[in-house]
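**Q** So here's structure-v2.pdb (PDB, C-alpha atoms, pLDDT in the B column).
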ATOM      1  CA  GLU R   1     -40.938   8.794  -2.842  1.00 93.00           C
ATOM      2  CA  VAL R   2     -37.218   8.211  -2.591  1.00 96.00           C
ATOM      3  CA  TYR R   3     -35.030   7.481  -5.614  1.00 96.00           C
ATOM      4  CA  ALA R   4     -31.399   6.423  -5.744  1.00 96.00           C
ATOM      5  CA  TYR R   5     -28.822   5.437  -8.325  1.00 94.00           C
ATOM      6  CA  SER R   6     -25.148   4.712  -8.524  1.00 89.00           C
ATOM      7  CA  PRO R   7     -23.329   7.555 -10.277  1.00 88.00           C
ATOM      8  CA  PRO R   8     -21.444   6.367 -13.347  1.00 88.00           C
ATOM      9  CA  THR R   9     -17.663   6.171 -13.059  1.00 83.00           C
ATOM     10  CA  MET R  10     -14.946   4.189 -14.767  1.00 79.00           C
ATOM     11  CA  LEU R  11     -15.300   0.454 -14.134  1.00 78.00           C
ATOM     12  CA  SER R  12     -11.801   0.411 -12.661  1.00 77.00           C
ATOM     13  CA  MET R  13     -12.901   3.061 -10.136  1.00 78.00           C
ATOM     14  CA  ASP R  14     -15.913   0.934  -9.177  1.00 76.00           C
ATOM     15  CA  LYS R  15     -13.646  -2.054  -8.583  1.00 78.00           C
ATOM     16  CA  LEU R  16     -11.176  -0.016  -6.544  1.00 82.00           C
ATOM     17  CA  GLU R  17     -13.955   1.391  -4.339  1.00 79.00           C
ATOM     18  CA  ASP R  18     -15.496  -2.064  -3.873  1.00 78.00           C
ATOM     19  CA  ASP R  19     -12.141  -3.630  -2.982  1.00 84.00           C
ATOM     20  CA  ILE R  20     -11.214  -0.939  -0.467  1.00 89.00           C
ATOM     21  CA  SER R  21     -14.586  -0.379   1.193  1.00 87.00           C
ATOM     22  CA  GLY R  22     -15.938  -3.912   1.366  1.00 84.00           C
ATOM     23  CA  PHE R  23     -19.345  -2.404   0.586  1.00 84.00           C
ATOM     24  CA  ASP R  24     -21.898  -4.991  -0.641  1.00 86.00           C
ATOM     25  CA  PHE R  25     -23.650  -3.021  -3.346  1.00 84.00           C
ATOM     26  CA  ASN R  26     -26.192  -5.696  -4.273  1.00 89.00           C
ATOM     27  CA  ASP R  27     -27.224  -6.157  -0.644  1.00 93.00           C
ATOM     28  CA  PHE R  28     -27.656  -2.393  -0.306  1.00 93.00           C
ATOM     29  CA  MET R  29     -29.869  -2.212  -3.416  1.00 94.00           C
ATOM     30  CA  GLU R  30     -32.056  -5.061  -2.175  1.00 96.00           C
ATOM     31  CA  ARG R  31     -32.478  -3.526   1.282  1.00 97.00           C
ATOM     32  CA  PHE R  32     -33.150  -0.084  -0.221  1.00 97.00           C
ATOM     33  CA  GLU R  33     -35.909  -1.404  -2.465  1.00 98.00           C
ATOM     34  CA  HIS R  34     -37.332  -3.600   0.305  1.00 98.00           C
ATOM     35  CA  ALA R  35     -37.648  -0.449   2.439  1.00 98.00           C
ATOM     36  CA  GLY R  36     -39.719   1.178  -0.322  1.00 98.00           C
ATOM     37  CA  GLY R  37     -37.036   3.029  -2.253  1.00 97.00           C
ATOM     38  CA  ASN R  38     -36.988   3.235  -6.050  1.00 97.00           C
ATOM     39  CA  TRP R  39     -33.696   2.190  -7.594  1.00 96.00           C
ATOM     40  CA  VAL R  40     -32.867   3.729 -10.986  1.00 96.00           C
ATOM     41  CA  ASN R  41     -30.479   1.652 -13.080  1.00 93.00           C
ATOM     42  CA  VAL R  42     -27.990   3.814 -14.950  1.00 94.00           C
ATOM     43  CA  ASP R  43     -25.954   2.515 -17.883  1.00 89.00           C
ATOM     44  CA  ARG R  44     -22.465   2.782 -16.451  1.00 82.00           C
ATOM     45  CA  SER R  45     -20.807   2.994 -19.874  1.00 81.00           C
ATOM     46  CA  GLY R  46     -22.999   5.737 -21.340  1.00 85.00           C
ATOM     47  CA  TYR R  47     -21.198   8.682 -19.740  1.00 92.00           C
ATOM     48  CA  GLU R  48     -17.794  10.337 -19.883  1.00 91.00           C
ATOM     49  CA  THR R  49     -15.689  11.451 -16.936  1.00 89.00           C
ATOM     50  CA  TYR R  50     -12.821  13.882 -16.903  1.00 88.00           C
ATOM     51  CA  ASP R  51     -10.916  12.152 -14.105  1.00 86.00           C
ATOM     52  CA  GLY R  52     -12.466   8.698 -13.725  1.00 80.00           C
ATOM     53  CA  SER R  53     -14.992   9.803 -11.097  1.00 83.00           C
ATOM     54  CA  HIS R  54     -16.548  13.125 -12.074  1.00 90.00           C
ATOM     55  CA  LEU R  55     -18.749  13.516 -15.132  1.00 93.00           C
ATOM     56  CA  THR R  56     -18.118  16.013 -17.881  1.00 95.00           C
ATOM     57  CA  VAL R  57     -20.670  18.815 -18.222  1.00 96.00           C
ATOM     58  CA  GLU R  58     -22.256  17.104 -21.226  1.00 96.00           C
ATOM     59  CA  SER R  59     -22.586  13.794 -19.402  1.00 96.00           C
ATOM     60  CA  THR R  60     -23.979  15.522 -16.322  1.00 96.00           C
ATOM     61  CA  LEU R  61     -26.740  17.070 -18.430  1.00 97.00           C
ATOM     62  CA  LYS R  62     -27.410  13.735 -20.120  1.00 97.00           C
ATOM     63  CA  LEU R  63     -27.639  11.940 -16.758  1.00 97.00           C
ATOM     64  CA  SER R  64     -29.911  14.626 -15.294  1.00 97.00           C
ATOM     65  CA  GLU R  65     -32.285  14.304 -18.241  1.00 97.00           C
ATOM     66  CA  TYR R  66     -32.304  10.518 -17.947  1.00 96.00           C
ATOM     67  CA  LEU R  67     -32.996  10.590 -14.206  1.00 97.00           C
ATOM     68  CA  GLY R  68     -35.777  13.127 -14.692  1.00 96.00           C
ATOM     69  CA  GLU R  69     -37.455  10.889 -17.260  1.00 96.00           C
ATOM     70  CA  LYS R  70     -37.196   7.838 -14.991  1.00 95.00           C
ATOM     71  CA  ILE R  71     -38.597   9.682 -11.990  1.00 95.00           C
ATOM     72  CA  LEU R  72     -41.513  11.106 -13.964  1.00 94.00           C
ATOM     73  CA  ASP R  73     -42.442   7.701 -15.434  1.00 85.00           C
TER      74      ASP R  73
END
Go ahead and render the structure in this file as structure tokens.

**A**
Amino acid sequence: EVYAYSPPTMLSMDKLEDDISGFDFNDFMERFEHAGGNWVNVDRSGYETYDGSHLTVESTLKLSEYLGEKILD
């Protein structure tokens, strides 16, 4: 099985990346799931970053625990 998620960042960072890259995130998620992948939704506001992109140690541990629970479900 293959799992994927979008790592949490600041919403302003998400917008900047979307504006610059032209990447269609929703289309990607649909195609990924259609191909048999398992998308894990992550609450984007539930984690802290130290620079807008990279999670703090505490948030990294929290995210790892969450992802583990979702994968084992």

**Q** Tell me which protein, DNA and RNA residues are within 12 Å of Leu67 of chain R, counting only C-alpha atoms, leaving out same-chain ones fewer than 2 positions away, and put them as a PDB file with C-alpha atoms, in the frame of the given file.

**A**
ATOM      1  CA  TYR R   3     -35.030   7.481  -5.614  1.00 96.00           C
ATOM      2  CA  ALA R   4     -31.399   6.423  -5.744  1.00 96.00           C
ATOM      3  CA  TYR R   5     -28.822   5.437  -8.325  1.00 94.00           C
ATOM      4  CA  SER R   6     -25.148   4.712  -8.524  1.00 89.00           C
ATOM      5  CA  PRO R   7     -23.329   7.555 -10.277  1.00 88.00           C
ATOM      6  CA  ASN R  38     -36.988   3.235  -6.050  1.00 97.00           C
ATOM      7  CA  TRP R  39     -33.696   2.190  -7.594  1.00 96.00           C
ATOM      8  CA  VAL R  40     -32.867   3.729 -10.986  1.00 96.00           C
ATOM      9  CA  ASN R  41     -30.479   1.652 -13.080  1.00 93.00           C
ATOM     10  CA  VAL R  42     -27.990   3.814 -14.950  1.00 94.00           C
ATOM     11  CA  ASP R  43     -25.954   2.515 -17.883  1.00 89.00           C
ATOM     12  CA  THR R  60     -23.979  15.522 -16.322  1.00 96.00           C
ATOM     13  CA  LEU R  61     -26.740  17.070 -18.430  1.00 97.00           C
ATOM     14  CA  LYS R  62     -27.410  13.735 -20.120  1.00 97.00           C
ATOM     15  CA  LEU R  63     -27.639  11.940 -16.758  1.00 97.00           C
ATOM     16  CA  SER R  64     -29.911  14.626 -15.294  1.00 97.00           C
ATOM     17  CA  GLU R  65     -32.285  14.304 -18.241  1.00 97.00           C
ATOM     18  CA  GLU R  69     -37.455  10.889 -17.260  1.00 96.00           C
ATOM     19  CA  LYS R  70     -37.196   7.838 -14.991  1.00 95.00           C
ATOM     20  CA  ILE R  71     -38.597   9.682 -11.990  1.00 95.00           C
ATOM     21  CA  LEU R  72     -41.513  11.106 -13.964  1.00 94.00           C
ATOM     22  CA  ASP R  73     -42.442   7.701 -15.434  1.00 85.00           C
TER      23      ASP R  73
END

**Q** To one decimal place, how far is atom CA of Thr9 of chain R from atom CA of Asp51 of chain R in Å?

**A**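 Between these atoms lies a distance of 9.1 Å.
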
**Q** When you look at Leu55 of chain R with a cut-off of 8 Å (counting all atoms listed in the file), what residues show up, excluding the ones that are within fewer than 6 positions of it in the same chain? I need them as a ChimeraX atom specification.

**A** /R:8-9,47-49

**Q** Put the listed atoms of segment 46-53 of chain R in a box along x, y and z with 3 Å added on every side and give me the centre and edge lengths in Å to one decimal, as lines of an AutoDock Vina configuration file.

**A**
center_x = -17.0
center_y = 9.8
center_z = -16.2
size_x = 18.1
size_y = 14.1
size_z = 16.2

**Q** One number please: atom CA of Asp19 of chain R to atom CA of Tyr66 of chain R, in Å, one decimal.

**A**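 So the two atoms, atom CA of Asp19 of chain R and atom CA of Tyr66 of chain R, lie 28.8 Å apart.
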
**Q** Please indicate the distance in Å from atom CA of Glu1 of chain R to atom CA of Phe32 of chain R, rounded to one decimal place.

**A** 12.1 Å

**Q** Check the smallest atom-to-atom distance from each of R:Val2, R:Met29, R:Gly52, R:Gly37 to Lys15 of chain R using only C-alpha atoms, then report the winner.

**A**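 Smallest separation from Lys15 of chain R among the options: R:Gly52.
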
**Q** Hey, which of R:Gly68, R:Thr56, R:Arg44, R:Arg31 ends up closest to Met13 of chain R? Count all atoms listed in the file.

**A**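 When distances to Met13 of chain R are compared using all atoms listed in the file, the smallest one comes from R:Arg44.
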